[in-house]
Structures are given as structure tokens and as C-alpha cells.
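Have a look at the structure below, then the notes.
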Amino acid sequence: MSGNKMNGDEWVNELEWIPPYCKAVVALNKFYDVSNGQLIEVTIVEKPQNLDRLKEWIEYRRTIGKPVIAFRTYLTQVRKHAIGIQMYEDQFPIFIALDDYTVYVKRTWKSRYANMRSLIRYVLTYAGYKLKRKRLKRKVERFRKTVQTELCTTTS
């Protein structure tokens with residue numbers, strides 16, 4: 001891993017290695033979140049100097065018995081070594097490139113947007129990224145389960 005920052009990030013080498021990730025990924029610079037019925041634009045304004053806070057958060061979640069999956073991999077689309085993080089098996093992972101701490105997500109991550117927003121928010125906040133939140137003048141409707149959607153999910 002020559003050319004990587006690795007400022008005290010040797011702990012990443014202890015994570016499980018998974019085969020290279022060949023699916024298309026995109027860099028994440030901003031995303032939209034919902035707070036109290038308002039749409040919020042969240043932008044990454046500053047990256048951390050190292051991933052020590054991320055390591056502490058992963059260890060903390062494991063000690064309190066909360067799920068977290070952390071692994072190392074190679075992103076073939078952008079040709080970078082990265083750390084991948086998931087909270088649950090059915091989520092898409094968030095990748096943090098080890099050379100410049102750029103955040104990557106699977107290209108189709110918006111298909112599970114509601115599920116991914118909280119994962120992105122938690123990981124970036126606890127990893128030490130500085131985020132700028134801007135309230136947009138737009139109300140957002142929450143998804144409400146109807147009898148029809150419940151029937152569709154139970155039959156499949």
C-alpha cells in the first residue's frame with residue numbers, strides 16, 4: 001500500500017480482507033437527509049487527518065453489542081484500497097479510500113436511500129468528517145406503510 005497516508009492507520013491491516021469490489025462506485029461529496037420533516041443538504045467540507053475516531057467508534061459499537069461490519073478491500077473502478085463499513089448485512093457498504101479518505105458508495109445506493117442515509121450520517125460523523133448541513137425550503141413527507149405495502153412485503 002505504498003503512497004497511502006496511513007498516519008497511524010495501521011489498525012486497518014488487522015481488518016478482514018474481502019476480494020476486490022468490482023461494482024461501480026461513485027464519490028460522495030453531498031447527500032440529502034430529512035430532519036423534522038425538512039429536507040437537509042449535507043456536504044462534506046473537511047476530511048479527517050486519520051481514521052482513529054472511526055476505529056474508536058467501531059470498537060465501541062462492538063463492545064456494546066451493536067452490529068458493525070468493517071473490512072478492507074480494493075475498489076477496482078477507482079483503483080484504490082479502501083475500508084468498507086456496514087451496520088447490517090442487507091445494507092450497501094460505505095467505502096473510505098485509504099490514500100485520501102474520499103468517501104465512495106455503490107452507484108445504485110439511492111435505491112435504498114432511507115436505509116443508507118443513517119449509515120452515511122453515522123459513519124461520517126463518528127469518523128471525524130466535518131459536515132455542513134443546510135436546511136432547504138422544502139417539506140418532506142415521511143413514507144407511511146399502507147395496508148397495500150404490508151401485503152406486498154408479506155407475500156414476497
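In the C-alpha cells, each chain is lettered A, B, ... as it comes, each chain's residues begin at 1, and ligands are numbered from 1 in order of appearance.
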
Shell around Leu28 of chain A at 9 Å using only C-alpha atoms, local window under 3 positions removed, as a compact mmCIF listing (two decimals) with C-alpha atoms, in the first residue's frame:
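Output (selection.txt):
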```txt
# COMPACT_ATOMS: atom_id res chain seq x y z
CA PHE A 31 -26.31 13.81 0.15
CA THR A 43 -21.99 18.41 2.35
CA ILE A 44 -18.58 17.05 3.34
CA THR A 102 -12.57 10.09 -0.12
CA VAL A 103 -15.95 8.50 0.59
CA TYR A 104 -17.37 6.14 -2.04
CA VAL A 105 -20.75 4.40 -2.26
```

Task: Exercise: Leu39 of chain A partners within 9 Å, only C-alpha atoms, chain neighbours under 5 positions left out, as a VMD selection string - done: chain A and resid 32 to 34 134 to 140

Filtering to N, CA, C and O atoms, could you give me those residues as an mmCIF file, in the first residue's frame?
```
data_model
loop_
_atom_site.group_PDB
_atom_site.id
_atom_site.type_symbol
_atom_site.label_atom_id
_atom_site.label_comp_id
_atom_site.auth_asym_id
_atom_site.auth_seq_id
_atom_site.Cartn_x
_atom_site.Cartn_y
_atom_site.Cartn_z
ATOM 1 N N TYR A 32 -28.625 14.066 0.726
ATOM 2 C CA TYR A 32 -29.775 14.732 1.330
ATOM 3 C C TYR A 32 -30.284 13.893 2.487
ATOM 4 O O TYR A 32 -30.302 12.667 2.431
ATOM 5 N N ASP A 33 -30.694 14.582 3.540
ATOM 6 C CA ASP A 33 -31.198 13.927 4.731
ATOM 7 C C ASP A 33 -32.527 14.577 5.104
ATOM 8 O O ASP A 33 -32.896 15.611 4.552
ATOM 9 N N VAL A 34 -33.228 13.974 6.041
ATOM 10 C CA VAL A 34 -34.504 14.501 6.499
ATOM 11 C C VAL A 34 -34.417 14.702 8.001
ATOM 12 O O VAL A 34 -33.961 13.823 8.731
ATOM 13 N N LYS A 134 -27.390 22.176 5.498
ATOM 14 C CA LYS A 134 -28.127 23.342 5.009
ATOM 15 C C LYS A 134 -29.590 22.958 4.862
ATOM 16 O O LYS A 134 -29.925 22.039 4.098
ATOM 17 N N ARG A 135 -30.448 23.639 5.608
ATOM 18 C CA ARG A 135 -31.890 23.375 5.505
ATOM 19 C C ARG A 135 -32.415 23.937 4.190
ATOM 20 O O ARG A 135 -32.149 25.075 3.838
ATOM 21 N N LEU A 136 -33.155 23.115 3.486
ATOM 22 C CA LEU A 136 -33.764 23.552 2.231
ATOM 23 C C LEU A 136 -35.219 23.897 2.509
ATOM 24 O O LEU A 136 -35.849 23.317 3.395
ATOM 25 N N LYS A 137 -35.752 24.831 1.759
ATOM 26 C CA LYS A 137 -37.133 25.269 1.986
ATOM 27 C C LYS A 137 -38.097 24.313 1.308
ATOM 28 O O LYS A 137 -38.797 24.668 0.376
ATOM 29 N N ARG A 138 -38.100 23.101 1.801
ATOM 30 C CA ARG A 138 -38.951 22.088 1.202
ATOM 31 C C ARG A 138 -39.370 21.110 2.284
ATOM 32 O O ARG A 138 -38.548 20.582 3.005
ATOM 33 N N LYS A 139 -40.659 20.902 2.390
ATOM 34 C CA LYS A 139 -41.182 19.921 3.340
ATOM 35 C C LYS A 139 -41.054 18.541 2.719
ATOM 36 O O LYS A 139 -41.132 18.377 1.510
ATOM 37 N N VAL A 140 -40.888 17.536 3.571
ATOM 38 C CA VAL A 140 -40.723 16.174 3.089
ATOM 39 C C VAL A 140 -41.759 15.297 3.758
ATOM 40 O O VAL A 140 -41.946 15.355 4.971
#
```

- [ ] Could you tell me, as a ChimeraX atom specification, which residues of segment 5-126 of chain A DSSP assigns to helix (DSSP H, G or I) when given the backbone?
- [x] /A:10-14,52-63,109-126

Please write the residues from the selection above to a file, keeping C-alpha atoms, as a PDB file, in the first residue's frame.
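Once written, part_33.pdb looks like this:
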```
ATOM      1  CA  GLU A  10      -2.042   0.525  10.748  1.00  0.00           C
ATOM      2  CA  TRP A  11      -5.077  -0.916  12.567  1.00  0.00           C
ATOM      3  CA  VAL A  12      -6.782  -1.164   9.163  1.00  0.00           C
ATOM      4  CA  ASN A  13      -4.409  -4.033   8.281  1.00  0.00           C
ATOM      5  CA  GLU A  14      -5.978  -6.094  11.088  1.00  0.00           C
ATOM      6  CA  ASP A  52      -8.573   6.939  14.713  1.00  0.00           C
ATOM      7  CA  ARG A  53     -12.074   8.173  15.569  1.00  0.00           C
ATOM      8  CA  LEU A  54     -13.560   5.620  13.174  1.00  0.00           C
ATOM      9  CA  LYS A  55     -11.570   2.866  14.896  1.00  0.00           C
ATOM     10  CA  GLU A  56     -12.833   4.007  18.323  1.00  0.00           C
ATOM     11  CA  TRP A  57     -16.434   4.055  17.055  1.00  0.00           C
ATOM     12  CA  ILE A  58     -16.147   0.537  15.567  1.00  0.00           C
ATOM     13  CA  GLU A  59     -14.664  -0.793  18.819  1.00  0.00           C
ATOM     14  CA  TYR A  60     -17.337   0.989  20.874  1.00  0.00           C
ATOM     15  CA  ARG A  61     -20.191  -0.487  18.799  1.00  0.00           C
ATOM     16  CA  ARG A  62     -18.696  -3.956  19.190  1.00  0.00           C
ATOM     17  CA  THR A  63     -18.298  -3.609  22.980  1.00  0.00           C
ATOM     18  CA  TRP A 109     -27.061   3.299  -3.413  1.00  0.00           C
ATOM     19  CA  LYS A 110     -30.100   5.558  -3.821  1.00  0.00           C
ATOM     20  CA  SER A 111     -32.312   2.506  -4.338  1.00  0.00           C
ATOM     21  CA  ARG A 112     -32.061   2.082  -0.560  1.00  0.00           C
ATOM     22  CA  TYR A 113     -31.805   5.768   0.239  1.00  0.00           C
ATOM     23  CA  ALA A 114     -33.719   5.821   3.541  1.00  0.00           C
ATOM     24  CA  ASN A 115     -31.657   2.898   4.826  1.00  0.00           C
ATOM     25  CA  MET A 116     -28.350   4.383   3.669  1.00  0.00           C
ATOM     26  CA  ARG A 117     -28.851   7.955   4.941  1.00  0.00           C
ATOM     27  CA  SER A 118     -28.495   6.975   8.577  1.00  0.00           C
ATOM     28  CA  LEU A 119     -25.463   4.761   7.879  1.00  0.00           C
ATOM     29  CA  ILE A 120     -23.705   7.555   5.976  1.00  0.00           C
ATOM     30  CA  ARG A 121     -24.560  10.116   8.648  1.00  0.00           C
ATOM     31  CA  TYR A 122     -23.293   7.904  11.495  1.00  0.00           C
ATOM     32  CA  VAL A 123     -20.099   6.789   9.775  1.00  0.00           C
ATOM     33  CA  LEU A 124     -19.069  10.241   8.580  1.00  0.00           C
ATOM     34  CA  THR A 125     -19.862  11.926  11.899  1.00  0.00           C
ATOM     35  CA  TYR A 126     -18.040   9.373  14.014  1.00  0.00           C
TER      36      TYR A 126
END
```

TODO: Would you kindly return, as a PyMOL selection string, each protein, DNA or RNA residue with an atom no farther than 8 Å from any atom of Tyr21 of chain A, considering only C-alpha atoms and excluding same-chain residues fewer than 4 positions away?
DONE: chain A and resi 73-76

Include all heavy atoms and write out the residues we just selected as a PDB file, in the first residue's frame.
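Wrote it out as again18.pdb, contents follow:
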```pdb
ATOM      1  N   THR A  73     -10.753  -3.771   1.445  1.00  0.00           N
ATOM      2  CA  THR A  73     -10.967  -4.259   0.090  1.00  0.00           C
ATOM      3  C   THR A  73     -10.229  -3.348  -0.894  1.00  0.00           C
ATOM      4  O   THR A  73      -9.588  -2.391  -0.484  1.00  0.00           O
ATOM      5  CB  THR A  73     -12.474  -4.338  -0.255  1.00  0.00           C
ATOM      6  OG1 THR A  73     -12.630  -5.065  -1.480  1.00  0.00           O
ATOM      7  CG2 THR A  73     -13.103  -2.974  -0.386  1.00  0.00           C
ATOM      8  N   TYR A  74     -10.347  -3.682  -2.160  1.00  0.00           N
ATOM      9  CA  TYR A  74      -9.769  -2.873  -3.226  1.00  0.00           C
ATOM     10  C   TYR A  74     -10.891  -2.505  -4.179  1.00  0.00           C
ATOM     11  O   TYR A  74     -11.617  -3.384  -4.659  1.00  0.00           O
ATOM     12  CB  TYR A  74      -8.679  -3.660  -3.956  1.00  0.00           C
ATOM     13  CG  TYR A  74      -7.989  -2.877  -5.046  1.00  0.00           C
ATOM     14  CD1 TYR A  74      -7.038  -1.917  -4.736  1.00  0.00           C
ATOM     15  CD2 TYR A  74      -8.291  -3.095  -6.383  1.00  0.00           C
ATOM     16  CE1 TYR A  74      -6.397  -1.186  -5.728  1.00  0.00           C
ATOM     17  CE2 TYR A  74      -7.658  -2.374  -7.384  1.00  0.00           C
ATOM     18  CZ  TYR A  74      -6.715  -1.424  -7.049  1.00  0.00           C
ATOM     19  OH  TYR A  74      -6.094  -0.704  -8.038  1.00  0.00           O
ATOM     20  N   LEU A  75     -11.082  -1.221  -4.428  1.00  0.00           N
ATOM     21  CA  LEU A  75     -12.127  -0.754  -5.341  1.00  0.00           C
ATOM     22  C   LEU A  75     -11.550  -0.737  -6.751  1.00  0.00           C
ATOM     23  O   LEU A  75     -10.729   0.124  -7.079  1.00  0.00           O
ATOM     24  CB  LEU A  75     -12.607   0.641  -4.940  1.00  0.00           C
ATOM     25  CG  LEU A  75     -13.138   0.787  -3.521  1.00  0.00           C
ATOM     26  CD1 LEU A  75     -13.449   2.240  -3.210  1.00  0.00           C
ATOM     27  CD2 LEU A  75     -14.349  -0.094  -3.307  1.00  0.00           C
ATOM     28  N   THR A  76     -11.959  -1.694  -7.569  1.00  0.00           N
ATOM     29  CA  THR A  76     -11.364  -1.816  -8.899  1.00  0.00           C
ATOM     30  C   THR A  76     -11.745  -0.660  -9.822  1.00  0.00           C
ATOM     31  O   THR A  76     -10.962  -0.290 -10.694  1.00  0.00           O
ATOM     32  CB  THR A  76     -11.758  -3.146  -9.563  1.00  0.00           C
ATOM     33  OG1 THR A  76     -13.179  -3.211  -9.652  1.00  0.00           O
ATOM     34  CG2 THR A  76     -11.223  -4.315  -8.772  1.00  0.00           C
TER      35      THR A  76
END
```

- [ ] Just the strand (DSSP E or B) stuff from chain A, please, per backbone DSSP, written as an MDAnalysis selection string.
- [x] chainID A and resid 16:17 21 25:27 30:35 38:46 69:75 80:86 94:97 103:106 130:139

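Distance annotation: of A:Gln77, A:Gln38, A:Gln91, A:Tyr129, the residue with the minimal separation from Val25 of chain A is A:Gln77; atom set is only C-alpha atoms.
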
TODO: Fewer than 5 positions away in the same chain doesn't count, so skip those; otherwise give me all residues within 10 Å of Val78 of chain A, counting only C-alpha atoms, as a PyMOL selection string.
DONE: chain A and resi 22+24-27+97+104

For the residues in that selection, give me N, CA, C and O atoms as an mmCIF file, in the first residue's frame.
```cif
data_model
loop_
_atom_site.group_PDB
_atom_site.id
_atom_site.type_symbol
_atom_site.label_atom_id
_atom_site.label_comp_id
_atom_site.auth_asym_id
_atom_site.auth_seq_id
_atom_site.Cartn_x
_atom_site.Cartn_y
_atom_site.Cartn_z
ATOM 1 N N CYS A 22 -15.783 -5.103 -7.405
ATOM 2 C CA CYS A 22 -15.773 -4.808 -8.838
ATOM 3 C C CYS A 22 -16.962 -3.975 -9.312
ATOM 4 O O CYS A 22 -17.005 -3.576 -10.465
ATOM 5 N N ALA A 24 -19.598 -0.756 -9.722
ATOM 6 C CA ALA A 24 -19.371 0.669 -9.940
ATOM 7 C C ALA A 24 -19.612 1.447 -8.649
ATOM 8 O O ALA A 24 -20.594 1.227 -7.956
ATOM 9 N N VAL A 25 -18.686 2.345 -8.336
ATOM 10 C CA VAL A 25 -18.819 3.196 -7.160
ATOM 11 C C VAL A 25 -18.715 4.660 -7.592
ATOM 12 O O VAL A 25 -18.144 4.973 -8.624
ATOM 13 N N VAL A 26 -19.297 5.543 -6.774
ATOM 14 C CA VAL A 26 -19.227 6.982 -7.024
ATOM 15 C C VAL A 26 -18.749 7.674 -5.765
ATOM 16 O O VAL A 26 -19.036 7.234 -4.652
ATOM 17 N N ALA A 27 -18.005 8.756 -5.958
ATOM 18 C CA ALA A 27 -17.543 9.551 -4.815
ATOM 19 C C ALA A 27 -18.740 10.295 -4.234
ATOM 20 O O ALA A 27 -19.601 10.787 -4.960
ATOM 21 N N ALA A 97 -11.584 5.571 1.023
ATOM 22 C CA ALA A 97 -10.302 5.295 0.379
ATOM 23 C C ALA A 97 -9.176 5.593 1.368
ATOM 24 O O ALA A 97 -9.203 6.603 2.069
ATOM 25 N N TYR A 104 -16.742 6.721 -0.855
ATOM 26 C CA TYR A 104 -17.371 6.137 -2.035
ATOM 27 C C TYR A 104 -18.564 5.292 -1.616
ATOM 28 O O TYR A 104 -18.553 4.683 -0.541
#
```

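Restricting the calculation to only C-alpha atoms, the smallest distance between Arg72 of chain A and any of A:Leu131, A:Val42, A:Leu15, A:Ile94 is found for A:Leu15.
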
TODO: Figure out the distance between atom CA of Gly84 of chain A and atom CA of Lys47 of chain A, please, to one decimal in Å.
DONE: 16.5 Å
